[in-house]
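*Asks:* Structure incoming, see below.
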Amino acid sequence: MNAVLKDTAHNTAPLAAWGLTHCYEGSNVLRGVDLALEPGSVLGLIGRNGAGKSTLIRAMLGLLQPLSGSAFVFGEPALKLGDDAKARLAYVPQQPEALAWLTAQQMLDFVGRFYPRWDAEFARRTLERWKLQPNKLLAKLSPGERQRVDLIRALASQPELLVLDEPAAALDPVARRELLREVALRAGESGTTVLFSTHIVSDLERVASEIAFLHEGRLLLRCGVDETKERYARLWLPASKSAAAPAQALSRRRHDDGSLSLVVERDAQGRWPEAAGLPGARVDALGLEDLFVEIAE
Amino acid sequence: MKPMRLLALPWMALSRPWRKGIGICFALLFAALVIGGAVGRHHPAWTTHLGSATAFIDGLFWAGVLSQSLLLAREAHHLRLPTLGREVGASLALYVLLTIALPALLLAGLGGNAAVALTEIAMGAALGLAYATLPPYFGICACFAPSLGNHAGPWLPMPSTSPDRFLMWAVPCTALLWLLVGVFWRSAVRRDSGLSGARRPIMLNLRTLAWYGRNRSNYLEVQQIRRRWQWAQPVADLRHCGPDHPVRSLRIAMGGWSMPQTSASRWRQLGILLASMLLPGFVMTTITHGDDVLRSIFGNADMLLFALCIVGAVIALGQVQTLQRRWSRHNAELPLLALLPQLGDAARIKRELLLANLLPAFAVQALLMLAMLGLAAGLHLDGDSVAMLLLGQLTGMGMLATLALVMLGGVPVRDGWLVVLSTCGYLLVNLSVVLALPMVDDTPFIRLPAVAWAAAIAWAGLSVPLLRLGVRGWQGLQGRPHPFLPMA
């Protein structure tokens, strides 16, 4: 059954990964990650620094060979992508540094020749709108400017799948907002599927339809952004009731007074764990940022 | 302030392995100085030679070890640690006594001229410190100082020829140098953040490079582009690029000297290269040969053979370094090229990538080989010597092909092993010219049976690991799903 689901998912999903495992210098970065994106969805991949977000993205796009597991882009194995799949995909790495010896205009002109649906007019207009000097060498641009040029490169190819690794990390608030607007527009109007990693929770709330939370190489939760408040909460149990804490929890923290805080999830029937009904127990709603902090801490 | 702490202070800015390595080197140099002094004590001018040797070693010591105090002084100033700042000053004063005043006194005790010895050693120390702590354009000049005796001897008084007249120019020059070092030291300690790359002392630049670890080569490349004047920047020629011209497009994406450039840009780069290569030779030849400069540079076929040989080896190593830079970054050309459509299937991309990276270098090396053959014909070299020259250039090409395959095939090789292999290859390529030229009694070294055997063993010693690595690289490249996966 699971195999059938996988087959269906990797044939239809623009981007899918199964059992991805990878390690650097002996330490595990990815521990069997399964993730598939629905067409037209905007998935925000969230996690702390070093959680494995960039590695997961690179493994999903075939930019590194994972130790085990497989990844598919538009149904094709990520490590052996054909021209058609590549033309429908755009990726912006964290702190892009490619082709530093070309000017912004030369880089866009060069790359644009390989994409059949390249929108040169969009590239020209956006360079102008974002006040980027087209004749300046990429090496001489600031990290934020360089990231914006690379975003233009990605967007001008009119991709069906847009993958952004911490796209807002080097951007100022104005540029960040413009980028998010552009991403939302692409997803809303053209049905572009978007995967972006970030640790800025407000960015997720602004554009993502779904979030996936990666922690220490594992995908801890995945759900719609609007669902998180309904589905997850912090359960506080006094010391006397802590023995009755549910075994299943996304995080578990014991306080100095012996009381226990857990992040819990509603079950399939929409009920909180039984311990939530114990005398003295308290269930607190969590915002996205609180949920992130509770799990990541 | 404890004297032992003051003595240890400059060494504290060095990492443990560097401390050990540098310590051993200076211990060996000091031993060589003492043994050399003892052996040559019957020579009439032995104290003068001993003074010059001490000045040279002092220069190295102040450049390599005591300049580290600049880092400590900077940290002390930035972290508001006045005691440490004072200790750095006291430590330097102690080292002045131990490495300048004490040797001068010893030399005077052995019968040398105290003033000359003191000036010469102080000048050596100042030049060493100047190299490390002055902006690079001043610092580099300090490197030419040791050869002053050889090249400027005929018109500049030296300790061995005219000690009194030597003092007349050396004392004010040494004082000025120490003053200059003091001014720049103060500036580097107090306003490091305001110092741009061209004005930052080599010592601070090296520290920054150390932070980048294995990525220092990438950092240097970007810094080089940033600092270069606009007119000196290579301009890419994007004509005939795109899906129909994958090799040319890949050359654009790889950058470096082999990137297709506009004609004007290519001529400009060639001019800059020739000027930067010929200028030092021109200056040195002007000093030594006066009015016979051009004939001295271009009329010396032996030296031209050497130069061509070195250029060939440098091109090979430069191209390998470019590949190493590209394949070590996760967020640059690799993801862009891996996802660029219309470059063809994996097998085709691998083939074209090899062509894009090897063809330009091979073409230049072939031209150099032709030029060498022309010079060999002009020098009437025999078959053995010509074969030696060809072997040298072919070794350069083989090294390039092997190391390129290692990078593209993702073969995990230790950096140290690659450096050893490249250095041995570089030395053997240069050795080929030495062996090919008739240097003793109009007979090339390669005609001597013992030398021929030694050369054969050396080449076999290089060829075997090169071949093994090449095969592993080729197999690795064939086994990769696509060639744009970063190095392990």
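Each chain in the structure tokens gets a letter, A, B, ..., in the order shown, and its residues are numbered from 1; ligands are numbered from 1 in order too.
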What residues in chain A have any atom no more than 9 Å from chain B when counting only C-alpha atoms, and can you write them as an MDAnalysis selection string?
*Replies:* chainID A and resid 58 61:65 79:87 89:102 106 109:116 137 139:140
*Asks:* Which residues are near Leu308 of chain B? Cut-off 8 Å, only C-alpha atoms, ignore same chain within fewer than 5 positions. Put them as a PyMOL selection string.
*Replies:* chain B and resi 368+371-372
*Asks:* Please, could you write that set of residues out with N, CA and C atoms as a PDB file, in the first residue's frame?
*Replies:*
```pdb
ATOM      1  N   LEU B 368      53.271  26.374 -26.366  1.00  0.00           N
ATOM      2  CA  LEU B 368      54.521  26.519 -25.615  1.00  0.00           C
ATOM      3  C   LEU B 368      55.526  25.456 -26.036  1.00  0.00           C
ATOM      4  N   ALA B 371      57.053  26.463 -29.250  1.00  0.00           N
ATOM      5  CA  ALA B 371      58.047  27.523 -29.022  1.00  0.00           C
ATOM      6  C   ALA B 371      59.331  26.929 -28.444  1.00  0.00           C
ATOM      7  N   MET B 372      59.160  25.959 -27.529  1.00  0.00           N
ATOM      8  CA  MET B 372      60.341  25.321 -26.932  1.00  0.00           C
ATOM      9  C   MET B 372      61.130  24.555 -27.975  1.00  0.00           C
TER      10      MET B 372
END
```
*Asks:* Which is closest to Gly51 of chain B among B:Gly271, B:Gly378, B:Gly383, B:Gly124, if we use only C-alpha atoms?
*Replies:*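 The shortest atom-to-atom distance to Gly51 of chain B comes from B:Gly124.
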*Asks:* So how many Å separate atom CA of Asp384 of chain B and atom CA of Leu359 of chain B, to one decimal?
*Replies:*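 Pair atom CA of Asp384 of chain B / atom CA of Leu359 of chain B returns 28.1 Å.
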*Asks:* Using only C-alpha atoms, which residues sit within 12 Å of Gly476 of chain B once same-chain residues fewer than 4 positions away are excluded, as a list of chain:residue names?
*Replies:*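 My list of contacting residues is B:Lys350, B:Ala404, B:Leu405, B:Val406, B:Met407, B:Leu408, B:Gly409, B:Gly410, B:Val411, B:Pro412, B:Leu469, B:Gly470, B:Val471, B:Arg472, B:Arg480, B:Pro481, B:His482, B:Pro483, B:Leu485, B:Met487, B:Ala488.
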*Asks:* Would you please work out which residue, of A:Tyr24, A:Ala296, A:Val283, A:Ala120, is nearest to Arg252 of chain A when using only C-alpha atoms?
*Replies:*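 Result for the nearest residue to Arg252 of chain A: A:Ala296.
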